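Participant: Structure below; questions to follow.
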Amino acid sequence: MNRSDPPAAPVPPVRIAAIQTVSGPDVGDNLRVAAELVAEAAAAGAKLVALPEYFPLITADETVKVAIREADGRGPIQDFMRETAARHGVWLVGGTIPLVADSDAKVRNSTLVFDDRGERAARYDKIHLFGFQKGAERYDEAATIEAGREVVTFDAPCGRVGLSVCYDLRFPELFRAMGAVDLIILPAAFTFTTGRDHWEVLLRARAIENQCYVMAPAQGGRHPSGRVTWGHTLIADPWGEVLACRDEGPGVVWADLDPARIAAVRESLPALRHRCLGTDGA
């Protein structure tokens, strides 16, 4: 920079929003609820809006999502996302939707991102598949979901964004592999059992160790199938402070992502620069 040049103008904060739903077995009803909540977020000034995992469908029969899976790039759920993003002029991160997998009996549990013109900007296929059993409560995502393999980041109005889904939260190496990001988005349908003890502490840890904002839109409440999800959709800042949280029920939380806050945290505590393991030359 030439000595006579004025200093660069600070990058202004960008409002981001996370949506919480309690999705059921009717895709049309779920999309109508999502549309209303995206509109609410956009009216509040959000430039990037994220939906939770499984926002189009949660049923007791896990094979139903295989029946409604869509080919990459076309289908009513993808059309909904594309049109909703363009209508409200927001970047829309679509929780997860079921896309075609290599196996005819499975789906890819995929997060899709559409920009404010309705153009597809990114796709992430959930890498870590949840398995859990405690008493009568049992989950085995690998039975109907085919795991992804690629770490995905993209550039948005709020900066560099890394994508992850639900159970991915327990694997910090995934987030390190993203490199330096300004925001991590983690759509989820955490169980009540695990969420009660682990949800907030793990989300805050990911924010603290990666010195970035974390936004986690979640399913939250008792679903028609009888399943109970933890909810507590939240946004945390790079210091791990929870800026917004919704315990249960459909709704929207939002906060302003401030690039100056990220820079200040990384300057005062340069932990990312102090890493010794897992970096080039280590």
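As shown in the structure tokens, the chain order sets the letters A, B, ...; within each chain, residues go from 1, and ligands are also counted from 1 in the order they appear.
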Quick one: residues within 8 Å of Ala122 (chain A), only C-alpha atoms counted, chain neighbours fewer than 2 positions away excluded, as a list in words?

Facilitator: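 What passes the distance filter is Leu112, Val113, Phe114, Arg120, Tyr124, Val152, Thr153 and Phe154 of chain A.
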
Participant: So which bits of region 35-254 of chain A end up helix (DSSP H, G or I) when you DSSP the backbone, as a PyMOL selection string?

Facilitator: chain A and resi 35-43+64-67+76-88+141-143+166-170+172-176+192-210

Participant: Work out how far apart CA of Pro187 (chain A) and CA of Pro217 (chain A) are and give it in Å to one decimal.

Facilitator: 4.9 Å

Participant: Could you check the closest approach to Asp79 (chain A) for each of A:Asp155, A:Glu119, A:Glu62, A:Asp256 and tell me which residue wins, using only C-alpha atoms?

Facilitator: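 So, comparing all the options, the nearest one is A:Glu119.
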
Participant: Between CA of Val100 (chain A) and CA of Arg160 (chain A), measure the distance and give it in Å to one decimal.

Facilitator: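 Between CA of Val100 (chain A) and CA of Arg160 (chain A) the gap is 27.6 Å.
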
Participant: Considering only C-alpha atoms, can you say which of A:Met81, A:Val107, A:Val33, A:Leu48 comes closest to Leu257 (chain A)?

Facilitator: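 Closest candidate: A:Leu48.
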
Participant: In Å, with one decimal, what is the gap from CA of Tyr54 (chain A) to CA of Leu169 (chain A)?

Facilitator: 16.3 Å

Participant: Would you mind telling me which residue in A:Pro270, A:Pro259, A:Pro25, A:Gly148 lies nearest to Ile208 (chain A) when using only C-alpha atoms?

Facilitator: A:Pro270

Participant: What lies within 12 Å of Gly240 (chain A) using only C-alpha atoms, ignoring chain neighbours under 6 positions off, as a list in words?

Facilitator: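 Contacts, with the query itself left out: Glu200, Val201, Leu202, Leu203, Arg204, Ala205, Arg206, Ala207, Ile208, Glu209, Asn210, Gln211, Cys212, Tyr213, Val214, Met215, Leu234, Arg261, Ile262 and Val265 of chain A.
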